[in-house]
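See below for protein_27.cif, which holds mmCIF, C-alpha atoms.
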data_my_file
#
loop_
_atom_site.label_atom_id
_atom_site.label_comp_id
_atom_site.auth_asym_id
_atom_site.auth_seq_id
_atom_site.Cartn_x
_atom_site.Cartn_y
_atom_site.Cartn_z
CA MET A 1 88.01 120.01 129.81
CA ILE A 2 89.55 122.63 127.53
CA ILE A 3 92.65 120.48 127.00
CA ARG A 4 90.48 117.46 126.10
CA ILE A 5 88.62 119.53 123.50
CA GLN A 6 91.89 120.81 122.05
CA LEU A 7 93.28 117.26 121.87
CA ALA A 8 90.12 116.13 120.06
CA VAL A 9 90.56 118.98 117.58
CA LYS A 10 94.23 118.05 117.19
CA ARG A 11 93.27 114.48 116.30
CA ALA A 12 90.57 115.63 113.85
CA VAL A 13 93.04 117.96 112.13
CA ASP A 14 95.62 115.15 111.97
CA ILE A 15 93.16 112.90 110.16
CA MET A 16 91.87 115.51 107.72
CA LEU A 17 95.30 116.95 106.93
CA SER A 18 96.97 113.57 106.42
CA LEU A 19 94.18 112.42 104.09
CA ALA A 20 94.37 115.67 102.12
CA LEU A 21 98.16 115.52 101.82
CA LEU A 22 98.19 111.85 100.83
CA ALA A 23 95.78 112.69 98.02
CA ALA A 24 97.54 115.88 96.92
CA LEU A 25 101.03 114.41 97.10
CA SER A 26 100.19 111.01 95.58
CA PRO A 27 102.11 111.78 92.32
CA LEU A 28 105.18 112.80 94.34
CA LEU A 29 104.86 109.71 96.54
CA ALA A 30 104.73 107.52 93.44
CA VAL A 31 107.83 109.16 91.93
CA VAL A 32 109.80 108.83 95.17
CA ALA A 33 108.75 105.19 95.50
CA LEU A 34 110.02 104.44 91.99
CA LEU A 35 113.31 106.25 92.64
CA VAL A 36 113.87 104.27 95.83
CA LYS A 37 112.96 100.98 94.16
CA TYR A 38 115.30 101.38 91.20
CA SER A 39 118.18 103.15 92.97
CA SER A 40 119.22 100.11 95.02
CA PRO A 41 117.98 96.63 95.97
CA GLY A 42 115.61 96.45 98.91
CA GLU A 43 112.16 97.40 100.10
CA ILE A 44 110.66 100.77 99.18
CA ILE A 45 109.33 101.38 102.67
CA PHE A 46 111.62 101.12 105.67
CA LYS A 47 109.86 99.84 108.79
CA GLN A 48 111.22 100.10 112.30
CA ARG A 49 109.84 99.74 115.82
CA ARG A 50 109.67 102.97 117.78
CA ALA A 51 108.46 104.04 121.22
CA GLY A 52 105.20 105.95 121.05
CA LYS A 53 102.89 107.55 123.59
CA ASN A 54 103.39 106.14 127.10
CA GLY A 55 106.22 103.99 125.72
CA ARG A 56 103.86 101.85 123.62
CA ASN A 57 105.79 100.49 120.64
CA PHE A 58 104.61 100.87 117.05
CA THR A 59 106.03 100.42 113.55
CA ILE A 60 107.14 103.64 111.88
CA TYR A 61 107.15 103.99 108.08
CA LYS A 62 109.72 105.85 106.01
CA PHE A 63 111.00 105.76 102.46
CA ARG A 64 114.18 103.70 102.59
CA THR A 65 117.29 105.90 102.42
CA MET A 66 119.94 103.30 103.23
CA VAL A 67 121.10 100.06 101.70
CA GLN A 68 119.19 96.93 102.60
CA ASP A 69 119.72 95.68 106.20
CA ALA A 70 121.62 98.86 107.11
CA PRO A 71 120.27 99.01 110.72
CA LYS A 72 121.88 95.62 111.39
CA SER A 73 125.29 97.08 110.58
CA THR A 74 127.94 97.47 113.27
CA LEU A 75 127.82 101.22 112.55
CA GLY A 76 124.65 101.44 114.65
CA SER A 77 121.14 102.81 114.26
CA TYR A 78 121.97 106.45 113.56
CA CYS A 79 123.21 108.06 110.39
CA TYR A 80 126.02 110.55 109.80
CA GLN A 81 127.57 112.58 106.98
CA ASP A 82 129.00 110.46 104.16
CA ASP A 83 127.60 107.35 105.82
CA PRO A 84 128.47 104.49 103.41
CA ARG A 85 125.05 102.97 104.04
CA LEU A 86 123.20 105.96 102.54
CA THR A 87 122.03 105.57 98.96
CA GLY A 88 122.37 108.40 96.44
CA ILE A 89 118.63 109.08 96.39
CA GLY A 90 118.55 108.57 100.15
CA LYS A 91 120.79 111.59 100.74
CA ILE A 92 118.41 113.76 98.73
CA LEU A 93 115.32 112.42 100.48
CA ARG A 94 116.81 113.09 103.91
CA LYS A 95 117.96 116.57 102.93
CA ALA A 96 114.44 117.45 101.77
CA SER A 97 112.72 115.45 104.56
CA LEU A 98 110.80 113.51 101.89
CA ASP A 99 111.65 110.21 103.55
CA GLU A 100 109.20 111.10 106.33
CA LEU A 101 106.11 111.30 104.07
CA PRO A 102 104.92 107.69 104.64
CA GLN A 103 104.38 108.64 108.28
CA PHE A 104 101.07 110.16 107.21
CA LEU A 105 99.91 106.53 107.47
CA ASN A 106 101.13 106.40 111.07
CA ILE A 107 99.05 109.50 111.73
CA LEU A 108 95.92 107.96 110.23
CA LYS A 109 96.45 104.88 112.39
CA GLY A 110 96.55 107.08 115.47
CA GLU A 111 100.16 106.21 116.33
CA MET A 112 101.59 109.64 115.54
CA SER A 113 100.57 113.26 115.13
CA PHE A 114 101.85 115.97 112.82
CA VAL A 115 103.43 117.75 115.79
CA GLY A 116 105.09 116.08 118.74
CA PRO A 117 108.44 114.71 119.94
CA ARG A 118 110.23 112.53 117.39
CA PRO A 119 109.80 108.84 118.31
CA ASP A 120 112.88 107.18 119.72
CA LEU A 121 114.04 103.57 119.49
CA PRO A 122 112.47 101.33 122.18
CA HIS A 123 115.76 100.26 123.73
CA HIS A 124 116.71 103.91 124.14
CA ALA A 125 113.34 104.86 125.64
CA GLU A 126 113.67 102.06 128.18
CA LYS A 127 116.75 103.81 129.58
CA TYR A 128 115.11 107.24 129.89
CA SER A 129 115.39 109.12 133.17
CA SER A 130 112.19 110.27 134.87
CA PHE A 131 112.61 113.68 133.22
CA GLN A 132 113.19 112.19 129.75
CA ARG A 133 110.11 109.97 130.08
CA LYS A 134 107.98 113.12 130.10
CA ARG A 135 108.46 113.31 126.31
CA LEU A 136 106.40 110.11 126.04
CA ARG A 137 103.27 111.75 127.44
CA MET A 138 102.03 112.74 123.97
CA LYS A 139 101.98 111.03 120.61
CA PRO A 140 105.23 111.41 118.68
CA GLY A 141 105.18 113.71 115.67
CA ILE A 142 106.64 114.14 112.21
CA THR A 143 107.83 117.56 113.33
CA GLY A 144 108.25 119.19 116.69
CA ARG A 145 109.81 122.00 118.66
CA ALA A 146 113.28 120.45 118.43
CA GLN A 147 112.98 120.05 114.65
CA VAL A 148 112.25 123.76 114.12
CA ASN A 149 114.89 124.98 116.58
CA GLY A 150 118.04 123.37 115.24
CA ARG A 151 117.20 119.72 114.58
CA ASN A 152 120.52 117.89 114.03
CA GLU A 153 122.44 120.94 115.25
CA LEU A 154 121.11 120.33 118.78
CA SER A 155 122.57 118.02 121.38
CA TRP A 156 120.42 115.15 122.65
CA ASP A 157 119.84 116.93 125.99
CA GLU A 158 118.74 120.10 124.18
CA ARG A 159 116.23 118.15 122.12
CA ILE A 160 114.82 116.46 125.22
CA LYS A 161 114.36 119.79 127.01
CA LEU A 162 112.56 121.29 124.01
CA ASP A 163 110.28 118.24 123.72
CA VAL A 164 109.39 118.28 127.42
CA ASP A 165 108.76 122.03 127.32
CA TYR A 166 106.47 121.51 124.30
CA ILE A 167 104.40 118.95 126.19
CA GLU A 168 104.20 120.92 129.44
CA THR A 169 103.09 124.11 127.65
CA TRP A 170 101.12 122.48 124.84
CA SER A 171 98.27 124.22 123.04
CA LEU A 172 96.77 124.15 119.55
CA LEU A 173 98.38 127.53 118.92
CA SER A 174 101.83 126.09 119.63
CA ASP A 175 101.16 123.33 117.08
CA ILE A 176 100.14 125.88 114.46
CA LYS A 177 103.31 127.89 115.07
CA ILE A 178 105.48 124.77 114.77
CA ILE A 179 103.82 123.73 111.51
CA PHE A 180 104.48 127.14 109.94
CA LYS A 181 108.08 127.08 111.18
CA THR A 182 108.46 123.57 109.76
CA VAL A 183 107.62 124.82 106.28
CA MET A 184 110.41 127.39 106.52
CA VAL A 185 112.88 124.85 107.93
CA VAL A 186 112.17 122.40 105.11
CA LEU A 187 112.50 125.12 102.47
CA THR A 188 115.81 126.37 103.88
CA GLY A 189 117.16 122.96 104.89
CA ARG A 190 118.18 124.35 108.29
CA GLY A 191 119.37 121.63 110.66
CA SER A 192 119.11 118.87 108.05
CA GLN A 193 122.89 118.40 107.94
CA LEU A 194 123.80 115.06 109.51
CA PRO A 195 126.49 114.79 112.23
CA LYS A 196 130.03 114.36 110.91
CA LYS A 197 131.12 111.46 113.09
CA LEU A 198 129.57 108.64 115.09
CA GLY A 199 130.92 110.30 118.21
CA ASN A 200 128.74 113.34 117.59
CA LEU A 201 125.55 111.31 117.63
CA PRO A 202 123.08 111.51 120.52
#
Entire entry expressed as structure tokens:
Amino acid sequence: MIIRIQLAVKRAVDIMLSLALLAALSPLLAVVALLVKYSSPGEIIFKQRRAGKNGRNFTIYKFRTMVQDAPKSTLGSYCYQDDPRLTGIGKILRKASLDELPQFLNILKGEMSFVGPRPDLPHHAEKYSSFQRKRLRMKPGITGRAQVNGRNELSWDERIKLDVDYIETWSLLSDIKIIFKTVMVVLTGRGSQLPKKLGNLP
């Protein structure tokens, strides 16, 4: 019963906070949209299918940081340092995590939360082990325990363990702590450095 109440509060906070941030950051969103539009040909918003809660697929929204049709490249779905597919403005957006801002819309739609495991690609989620599938028990988030404890500096297995631990020990207090840590991580840029080579990718 207590967990259900906390989850209801979590959803209410998600809605109120995403609405407030969309309103407060609307000038910034407009500037970023213009920079993306005029920096290279292609759509402003990048859309991609991701695995959500219980493996249910949804469309995630991001500001586009790569050249048009980059995910179809033979280089794969992930990004790395000096990736030729990254645009100039895209590098800045990723460094500052500004490319994630359109996901406030995913939160309003009930597909994501502010805090939770980062959503993986469906064809990766389909290959999860029974332990890895535990990270699908909650809605994916814009930030999470893995993002505030190393982010790109962590191995894939380390991220999975942190995500599963987050879900198995979840509370509203843990979400609050992660949100405050996220602010510090964004300000310092810790863990935002992309892997150097394709071989280093999870």
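Take CA of Phe63 (chain A) and CA of Leu28 (chain A): the distance between them is 12.2 Å.
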Quiz item: If you measure from CA of Arg56 (chain A) to CA of Leu136 (chain A), what distance in Å do you get, rounded to one decimal?
Solution: 9.0 Å
Quick one: what's the axis-aligned box for region 55-67 of chain A, all listed atoms, 8 Å on every side, centre and edges in Å to one decimal, as AutoDock Vina command-line options?
--center_x 112.5 --center_y 103.0 --center_z 113.7 --size_x 33.2 --size_y 21.8 --size_z 40.0
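Using all atoms listed in the file for every distance, the candidate list A:Met1, A:Ala12, A:Asn54, A:Lys47 yields A:Asn54 as the residue closest to Glu126 (chain A).
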Quiz prompt | Residue nearest Asn152 (chain A) among A:Met16, A:Asn57, A:Arg94, A:Val67 (counting only C-alpha atoms) | solution = A:Arg94
Quiz item: Of the candidates A:Gly88, A:Leu98, A:Lys161, A:Ile5, which shows the shortest atom-to-atom distance to Val31 (chain A), using all atoms listed in the file?
Solution: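 Selected residue with least distance to Val31 (chain A): A:Leu98.
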Just want the 12 Å neighbourhood of Leu173 (chain A), counted on all atoms listed in the file, with same-chain residues fewer than 6 positions away dropped. Output as a PDB file with C-alpha atoms, keeping the file's coordinate frame.
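The resulting around.pdb:
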ATOM      1  CA  GLN A   6      91.890 120.810 122.050  1.00  0.00           C
ATOM      2  CA  LEU A   7      93.280 117.260 121.870  1.00  0.00           C
ATOM      3  CA  VAL A   9      90.560 118.980 117.580  1.00  0.00           C
ATOM      4  CA  LYS A  10      94.230 118.050 117.190  1.00  0.00           C
ATOM      5  CA  VAL A 115     103.430 117.750 115.790  1.00  0.00           C
ATOM      6  CA  TYR A 166     106.470 121.510 124.300  1.00  0.00           C
ATOM      7  CA  ILE A 179     103.820 123.730 111.510  1.00  0.00           C
ATOM      8  CA  PHE A 180     104.480 127.140 109.940  1.00  0.00           C
TER       9      PHE A 180
END
Self-check item: Residue IDs satisfying the PyMOL selection byres ((chain A and resi 50) around 8), as JSON, numbers by chain
Solution: {"A": [48, 49, 51, 52, 57, 58, 59, 60, 119, 120, 121, 122]}
Quiz item: Quick one: residues within 6 Å of Gly141 (chain A), only C-alpha atoms counted, chain neighbours fewer than 4 positions away excluded, as number ranges by chain?
Solution: A: 112-118
Practice problem: Would you mind listing what lies within 12 Å of Ile15 (chain A) as a list of chain:residue names, with all atoms listed in the file counted and same-chain residues fewer than 6 positions away left out? | Solution: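 Contacts, with the query itself left out: A:Ala8, A:Val9, A:Leu21, A:Leu22, A:Phe104, A:Leu105, A:Asn106, A:Ile107, A:Leu108, A:Lys109, A:Gly110, A:Glu111, A:Met112, A:Ser113, A:Phe114.
From CA of Ile167 (chain A) back to CA of Ser130 (chain A), the distance works out to 14.5 Å.
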Practice problem: Write out as a count of residues only the residues lying within 10 Å of Leu29 (chain A), counting all atoms listed in the file and excluding same-chain residues fewer than 3 positions away. | Solution: 14
Self-check item: Selection result for the PyMOL selection byres ((chain A and resi 37) around 12) on this file, as a list in words
Solution: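 That selection, the PyMOL selection byres ((chain A and resi 37) around 12), comes back as Ala30, Val31, Val32, Ala33, Leu34, Leu35, Val36, Tyr38, Ser39, Ser40, Pro41, Gly42, Glu43, Ile44, Ile45, Phe46, Phe63, Arg64, Thr65, Met66, Val67, Gln68, Thr87, Ile89 and Gly90 of chain A.
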Self-check item: Answer key for the PyMOL selection byres ((chain A and resi 147) around 10), residues as a ChimeraX atom specification
Solution: /A:115-118,142-146,148-154,159,162-163,178,181-182,185-186,190-192
Take the residues from that selection and write them out as an mmCIF file, in the frame of the given file, keeping C-alpha atoms.
data_model
loop_
_atom_site.group_PDB
_atom_site.id
_atom_site.type_symbol
_atom_site.label_atom_id
_atom_site.label_comp_id
_atom_site.auth_asym_id
_atom_site.auth_seq_id
_atom_site.Cartn_x
_atom_site.Cartn_y
_atom_site.Cartn_z
ATOM 1 C CA VAL A 115 103.430 117.750 115.790
ATOM 2 C CA GLY A 116 105.090 116.080 118.740
ATOM 3 C CA PRO A 117 108.440 114.710 119.940
ATOM 4 C CA ARG A 118 110.230 112.530 117.390
ATOM 5 C CA ILE A 142 106.640 114.140 112.210
ATOM 6 C CA THR A 143 107.830 117.560 113.330
ATOM 7 C CA GLY A 144 108.250 119.190 116.690
ATOM 8 C CA ARG A 145 109.810 122.000 118.660
ATOM 9 C CA ALA A 146 113.280 120.450 118.430
ATOM 10 C CA VAL A 148 112.250 123.760 114.120
ATOM 11 C CA ASN A 149 114.890 124.980 116.580
ATOM 12 C CA GLY A 150 118.040 123.370 115.240
ATOM 13 C CA ARG A 151 117.200 119.720 114.580
ATOM 14 C CA ASN A 152 120.520 117.890 114.030
ATOM 15 C CA GLU A 153 122.440 120.940 115.250
ATOM 16 C CA LEU A 154 121.110 120.330 118.780
ATOM 17 C CA ARG A 159 116.230 118.150 122.120
ATOM 18 C CA LEU A 162 112.560 121.290 124.010
ATOM 19 C CA ASP A 163 110.280 118.240 123.720
ATOM 20 C CA ILE A 178 105.480 124.770 114.770
ATOM 21 C CA LYS A 181 108.080 127.080 111.180
ATOM 22 C CA THR A 182 108.460 123.570 109.760
ATOM 23 C CA VAL A 185 112.880 124.850 107.930
ATOM 24 C CA VAL A 186 112.170 122.400 105.110
ATOM 25 C CA ARG A 190 118.180 124.350 108.290
ATOM 26 C CA GLY A 191 119.370 121.630 110.660
ATOM 27 C CA SER A 192 119.110 118.870 108.050
#
Selection near Leu187 (chain A), 8 Å with all atoms listed in the file, sequence-local residues under 3 positions removed, as an mmCIF file with C-alpha atoms, in the frame of the given file:
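What follows is the written file out.cif:
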data_model
loop_
_atom_site.group_PDB
_atom_site.id
_atom_site.type_symbol
_atom_site.label_atom_id
_atom_site.label_comp_id
_atom_site.auth_asym_id
_atom_site.auth_seq_id
_atom_site.Cartn_x
_atom_site.Cartn_y
_atom_site.Cartn_z
ATOM 1 C CA ALA A 96 114.440 117.450 101.770
ATOM 2 C CA VAL A 183 107.620 124.820 106.280
ATOM 3 C CA MET A 184 110.410 127.390 106.520
#
Starting from the block above, write region 57-72 of chain A out to a file with C-alpha atoms, as a tab-separated table (two decimals), in the first residue's frame, please.
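Saved as part-v8.tsv:
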chain	number	residue	atom	x	y	z
A	57	ASN	CA	8.07	-0.20	-26.76
A	58	PHE	CA	7.60	3.56	-27.10
A	59	THR	CA	9.06	6.41	-29.15
A	60	ILE	CA	11.67	8.47	-27.34
A	61	TYR	CA	12.27	12.14	-28.24
A	62	LYS	CA	15.62	13.91	-28.31
A	63	PHE	CA	17.12	16.93	-30.00
A	64	ARG	CA	19.00	15.55	-33.00
A	65	THR	CA	22.76	15.49	-32.38
A	66	MET	CA	23.86	13.48	-35.42
A	67	VAL	CA	23.61	13.88	-39.16
A	68	GLN	CA	20.41	12.75	-40.81
A	69	ASP	CA	19.91	8.94	-40.96
A	70	ALA	CA	22.92	8.38	-38.69
A	71	PRO	CA	21.38	5.34	-36.89
A	72	LYS	CA	21.21	3.53	-40.24
